[in-house]
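**Q** Below: one structure in structure tokens.
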Amino acid sequence: MGILVTPRTQAVAESDTAAVPAARRVLLVDRQPLFLAAVSSLLSMPPLSAVTQIATRSDEAVAAASARSVDLVVCDILAEPLDGHAVVRALADLRPGVPVILLGDVAEITAALPLMLEGAAGLFTKDVAPADLLAGVEIVLDGHQVLGTNLLPVVLASGVASASPTVMTAAGRLSPAEREVLTMVGRGRSIAEIASVRQISQKTVRNHMASIYRKLDLKNRVEAMLFATRTGLVGERGDSAQVAWADVPSEPGADVPNGGAIPIASHDDGWDDP
């Protein structure tokens, strides 16, 4: 299945001066004890060897994460009495340094896509391959965002009809070249592919991306993809490049687990955004 990765910014990476703890503490929240036991067993095994805690009530999980050291919360999006949306927002207020991965079915996760812009660290469907979930957890613990690649079609198809007049006005600020670049970004194209199709240098593509981010007040490639879908750009004239599900790492020496991810880069990380 693979994963989509949004690398952390360079500033965040450079701020990590503390040593990585020997065992990460992961709090699991789900209504089903059997599912909790299965995920706990997966994360407790090498190579992660996490110390896991489980909770069937999300209010108790939020209280626990607020009161003690927790490195990550993995939460059922239909958790009770607080659903996954409420858990993300509560922890953003109480413990902003604690990332949250949400799990659910495709319809539930589709509704949660905006949470990637509000601070959710990852979204996966519950049929995710164990290896991909484990890889996603490790990446989130390193400070990145992740999205199951089976959700990419959902991202590309979501929210086209919901573009507000403000959003459409912002899109009108783009030059024709910037509009085409953003369209291709919305389809998951890499910088190399965009450069090849447009017959321009990769540096020029990055310059276009810098201008797009500035004009539209976007922070990273996830936001650019969502903007492109909301404004209907992904439905415009197609391009000739093929989607590369395994692309180059976002940072020199970086390792993308399983080779099955598109690095969706934040700014200034040396891969595809300025």
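In the structure tokens, each chain is lettered A, B, ... as it comes, each chain's residues begin at 1, and ligands are numbered from 1 in order of appearance.
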Could you give me, as an mmCIF file with N, CA, C and O atoms, in the first residue's frame, the residues within 8 Å of Leu82 of chain A, counting only C-alpha atoms and dropping anything in the same chain fewer than 4 positions from it?
**A**
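So the final result, stored in part_13.cif, reads:
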data_model
loop_
_atom_site.group_PDB
_atom_site.id
_atom_site.type_symbol
_atom_site.label_atom_id
_atom_site.label_comp_id
_atom_site.auth_asym_id
_atom_site.auth_seq_id
_atom_site.Cartn_x
_atom_site.Cartn_y
_atom_site.Cartn_z
ATOM 1 N N SER A 58 -11.729 7.668 24.824
ATOM 2 C CA SER A 58 -10.851 8.725 24.328
ATOM 3 C C SER A 58 -10.665 9.859 25.324
ATOM 4 O O SER A 58 -9.616 10.506 25.333
ATOM 5 N N ASP A 59 -11.675 10.119 26.177
ATOM 6 C CA ASP A 59 -11.489 11.178 27.172
ATOM 7 C C ASP A 59 -10.409 10.793 28.170
ATOM 8 O O ASP A 59 -9.587 11.624 28.583
ATOM 9 N N ALA A 86 -12.035 15.495 17.679
ATOM 10 C CA ALA A 86 -11.956 16.167 18.977
ATOM 11 C C ALA A 86 -10.651 15.852 19.687
ATOM 12 O O ALA A 86 -10.084 16.703 20.383
ATOM 13 N N VAL A 87 -10.151 14.629 19.522
ATOM 14 C CA VAL A 87 -8.890 14.251 20.163
ATOM 15 C C VAL A 87 -7.740 15.075 19.593
ATOM 16 O O VAL A 87 -6.892 15.594 20.328
#
**Q** Given only C-alpha atoms as the basis, pick out the residue of A:Ala92, A:Val29, A:Leu226, A:Ala50 nearest to Gly119 of chain A.
**A**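 Closest candidate: A:Ala92.
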**Q** Could you pull the residues within 9 Å of Ile101 of chain A, counting only C-alpha atoms, minus those fewer than 6 positions along the same chain, as a PyMOL selection string?
**A** chain A and resi 72-76+88+120-124+136-137+140+145-146
**Q** For the residues in the current selection, export all heavy atoms as an mmCIF file, in the first residue's frame.
**A**
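Okay, this is what ended up in result21.cif:
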data_model
loop_
_atom_site.group_PDB
_atom_site.id
_atom_site.type_symbol
_atom_site.label_atom_id
_atom_site.label_comp_id
_atom_site.auth_asym_id
_atom_site.auth_seq_id
_atom_site.Cartn_x
_atom_site.Cartn_y
_atom_site.Cartn_z
ATOM 1 N N LEU A 72 3.361 9.583 21.133
ATOM 2 C CA LEU A 72 2.457 9.467 20.003
ATOM 3 C C LEU A 72 1.121 8.908 20.478
ATOM 4 O O LEU A 72 1.078 8.054 21.363
ATOM 5 C CB LEU A 72 3.048 8.537 18.929
ATOM 6 C CG LEU A 72 2.148 8.137 17.763
ATOM 7 C CD1 LEU A 72 1.824 9.335 16.878
ATOM 8 C CD2 LEU A 72 2.793 7.023 16.932
ATOM 9 N N VAL A 73 0.028 9.394 19.871
ATOM 10 C CA VAL A 73 -1.301 8.823 20.091
ATOM 11 C C VAL A 73 -1.792 8.268 18.764
ATOM 12 O O VAL A 73 -1.770 8.964 17.741
ATOM 13 C CB VAL A 73 -2.289 9.873 20.630
ATOM 14 C CG1 VAL A 73 -3.704 9.297 20.697
ATOM 15 C CG2 VAL A 73 -1.855 10.375 22.000
ATOM 16 N N VAL A 74 -2.216 7.007 18.764
ATOM 17 C CA VAL A 74 -2.833 6.381 17.594
ATOM 18 C C VAL A 74 -4.287 6.137 17.955
ATOM 19 O O VAL A 74 -4.578 5.381 18.884
ATOM 20 C CB VAL A 74 -2.136 5.058 17.216
ATOM 21 C CG1 VAL A 74 -2.828 4.423 16.010
ATOM 22 C CG2 VAL A 74 -0.666 5.286 16.927
ATOM 23 N N CYS A 75 -5.208 6.787 17.240
ATOM 24 C CA CYS A 75 -6.599 6.858 17.690
ATOM 25 C C CYS A 75 -7.587 6.442 16.616
ATOM 26 O O CYS A 75 -7.481 6.858 15.457
ATOM 27 C CB CYS A 75 -6.897 8.291 18.158
ATOM 28 S SG CYS A 75 -8.543 8.536 18.841
ATOM 29 N N ASP A 76 -8.572 5.656 17.008
ATOM 30 C CA ASP A 76 -9.721 5.350 16.165
ATOM 31 C C ASP A 76 -10.485 6.641 15.907
ATOM 32 O O ASP A 76 -10.800 7.378 16.837
ATOM 33 C CB ASP A 76 -10.608 4.345 16.912
ATOM 34 C CG ASP A 76 -11.897 4.016 16.183
ATOM 35 O OD1 ASP A 76 -12.023 4.360 14.991
ATOM 36 O OD2 ASP A 76 -12.788 3.418 16.817
ATOM 37 N N VAL A 88 -7.697 15.211 18.249
ATOM 38 C CA VAL A 88 -6.643 16.015 17.623
ATOM 39 C C VAL A 88 -6.675 17.445 18.143
ATOM 40 O O VAL A 88 -5.646 18.027 18.516
ATOM 41 C CB VAL A 88 -6.801 16.008 16.081
ATOM 42 C CG1 VAL A 88 -5.902 17.056 15.434
ATOM 43 C CG2 VAL A 88 -6.466 14.626 15.526
ATOM 44 N N ALA A 120 -3.141 17.049 12.499
ATOM 45 C CA ALA A 120 -3.084 15.588 12.555
ATOM 46 C C ALA A 120 -1.786 15.118 11.913
ATOM 47 O O ALA A 120 -1.385 15.609 10.859
ATOM 48 C CB ALA A 120 -4.281 14.967 11.846
ATOM 49 N N ALA A 121 -1.125 14.155 12.544
ATOM 50 C CA ALA A 121 0.168 13.698 12.039
ATOM 51 C C ALA A 121 0.039 12.641 10.962
ATOM 52 O O ALA A 121 0.953 12.462 10.154
ATOM 53 C CB ALA A 121 1.016 13.152 13.190
ATOM 54 N N GLY A 122 -1.080 11.915 10.942
ATOM 55 C CA GLY A 122 -1.220 10.874 9.943
ATOM 56 C C GLY A 122 -2.633 10.356 9.844
ATOM 57 O O GLY A 122 -3.396 10.402 10.809
ATOM 58 N N LEU A 123 -2.976 9.850 8.655
ATOM 59 C CA LEU A 123 -4.280 9.242 8.409
ATOM 60 C C LEU A 123 -4.067 7.915 7.691
ATOM 61 O O LEU A 123 -3.367 7.862 6.676
ATOM 62 C CB LEU A 123 -5.151 10.153 7.541
ATOM 63 C CG LEU A 123 -5.483 11.554 8.057
ATOM 64 C CD1 LEU A 123 -6.264 12.326 7.000
ATOM 65 C CD2 LEU A 123 -6.265 11.487 9.354
ATOM 66 N N PHE A 124 -4.673 6.849 8.233
ATOM 67 C CA PHE A 124 -4.598 5.532 7.615
ATOM 68 C C PHE A 124 -5.956 4.855 7.703
ATOM 69 O O PHE A 124 -6.687 5.045 8.678
ATOM 70 C CB PHE A 124 -3.580 4.627 8.333
ATOM 71 C CG PHE A 124 -2.143 4.951 8.064
ATOM 72 C CD1 PHE A 124 -1.414 5.719 8.950
ATOM 73 C CD2 PHE A 124 -1.516 4.465 6.924
ATOM 74 C CE1 PHE A 124 -0.088 6.018 8.711
ATOM 75 C CE2 PHE A 124 -0.178 4.756 6.680
ATOM 76 C CZ PHE A 124 0.539 5.532 7.570
ATOM 77 N N GLY A 136 4.783 4.148 9.048
ATOM 78 C CA GLY A 136 4.161 5.439 9.284
ATOM 79 C C GLY A 136 4.371 5.941 10.692
ATOM 80 O O GLY A 136 4.642 7.125 10.916
ATOM 81 N N VAL A 137 4.254 5.043 11.665
ATOM 82 C CA VAL A 137 4.484 5.411 13.065
ATOM 83 C C VAL A 137 5.911 5.901 13.253
ATOM 84 O O VAL A 137 6.158 6.930 13.907
ATOM 85 C CB VAL A 137 4.187 4.222 13.992
ATOM 86 C CG1 VAL A 137 4.745 4.471 15.396
ATOM 87 C CG2 VAL A 137 2.685 3.972 14.067
ATOM 88 N N VAL A 140 6.276 9.402 11.742
ATOM 89 C CA VAL A 140 5.637 10.424 12.572
ATOM 90 C C VAL A 140 6.478 10.713 13.808
ATOM 91 O O VAL A 140 6.628 11.866 14.229
ATOM 92 C CB VAL A 140 4.211 9.993 12.956
ATOM 93 C CG1 VAL A 140 3.658 10.880 14.075
ATOM 94 C CG2 VAL A 140 3.294 10.064 11.742
ATOM 95 N N GLN A 145 4.612 14.122 8.662
ATOM 96 C CA GLN A 145 3.228 13.713 8.487
ATOM 97 C C GLN A 145 3.175 12.569 7.482
ATOM 98 O O GLN A 145 4.021 12.476 6.594
ATOM 99 C CB GLN A 145 2.377 14.871 7.959
ATOM 100 C CG GLN A 145 2.067 15.956 8.980
ATOM 101 C CD GLN A 145 1.218 17.056 8.374
ATOM 102 O OE1 GLN A 145 1.639 17.717 7.432
ATOM 103 N NE2 GLN A 145 0.026 17.252 8.900
ATOM 104 N N VAL A 146 2.168 11.695 7.627
ATOM 105 C CA VAL A 146 2.023 10.569 6.697
ATOM 106 C C VAL A 146 0.567 10.412 6.293
ATOM 107 O O VAL A 146 -0.347 10.760 7.037
ATOM 108 C CB VAL A 146 2.528 9.236 7.303
ATOM 109 C CG1 VAL A 146 4.020 9.253 7.498
ATOM 110 C CG2 VAL A 146 1.821 8.923 8.613
#
**Q** Any idea what the distance is between atom CA of Leu233 of chain A and atom CA of Ala112 of chain A?
**A**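 A separation of 21.6 Å between them.
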**Q** How many Å lie between atom CA of Leu27 of chain A and atom CA of Val106 of chain A, rounded to one decimal?
**A**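 Straight-line distance from atom CA of Leu27 of chain A to atom CA of Val106 of chain A works out to 22.7 Å.
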**Q** DSSP on the backbone, alpha helix (DSSP H) only: what residues of segment 28-208 of chain A does that give? Format it as number ranges by chain.
**A** A: 33-44, 58-67, 84-94, 106-111, 115-118, 130-141, 152-157, 165-171, 176-186, 191-198, 202-208
**Q** Give me the residues within 12 Å of Ala171 of chain A as a PyMOL selection string, counting only C-alpha atoms and dropping any in the same chain fewer than 2 places off.
**A** chain A and resi 163-169+173-176+178-180+182-183+212-218+224+227-233
**Q** Looking at A:Leu78, A:Val222, A:Met209, A:Leu91, which one is nearest to Ala195 of chain A, with distances taken over only C-alpha atoms?
**A**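 Closest residue, counting only C-alpha atoms: A:Met209.
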**Q** Between A:Ala23, A:Met45, A:Met116, A:Ala79, which residue has the minimum interatomic distance to Lys219 of chain A, considering only C-alpha atoms?
**A** A:Met116
**Q** What does the distance between atom CA of Phe35 of chain A and atom CA of Ile54 of chain A come to in Å, to one decimal place?
**A**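 Between atom CA of Phe35 of chain A and atom CA of Ile54 of chain A the gap works out to 10.4 Å.
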**Q** Among segment 27-230 of chain A, which residues does DSSP mark as strand (DSSP E) when it is run on the backbone? Keep the chain and numbering as in the structure and answer as a ChimeraX atom specification.
**A** /A:27-29,51-55,72-76,100-104,122-125,145-148
**Q** Restrict the selected residues to C-alpha atoms and save them as a compact mmCIF listing (two decimals), in the first residue's frame.
**A**
# COMPACT_ATOMS: atom_id res chain seq x y z
CA LEU A 27 -0.90 5.54 23.49
CA LEU A 28 -3.48 3.51 21.52
CA VAL A 29 -7.18 4.45 21.55
CA VAL A 51 6.14 0.94 25.17
CA THR A 52 2.40 0.93 24.50
CA GLN A 53 -0.56 1.96 26.60
CA ILE A 54 -4.15 1.23 25.62
CA ALA A 55 -7.44 2.99 26.26
CA LEU A 72 2.46 9.47 20.00
CA VAL A 73 -1.30 8.82 20.09
CA VAL A 74 -2.83 6.38 17.59
CA CYS A 75 -6.60 6.86 17.69
CA ASP A 76 -9.72 5.35 16.17
CA VAL A 100 -1.88 11.97 16.55
CA ILE A 101 -2.40 9.29 13.89
CA LEU A 102 -6.05 8.57 13.05
CA LEU A 103 -7.36 5.22 11.83
CA GLY A 104 -10.74 4.45 10.24
CA GLY A 122 -1.22 10.87 9.94
CA LEU A 123 -4.28 9.24 8.41
CA PHE A 124 -4.60 5.53 7.61
CA THR A 125 -7.45 3.19 6.82
CA GLN A 145 3.23 13.71 8.49
CA VAL A 146 2.02 10.57 6.70
CA LEU A 147 -0.94 9.61 4.57
CA GLY A 148 -1.79 6.14 3.30
**Q** For Ile139 of chain A, which residue among A:Ala65, A:Leu48, A:Ala38, A:Asp105 is the nearest when counting only C-alpha atoms?
**A** A:Leu48
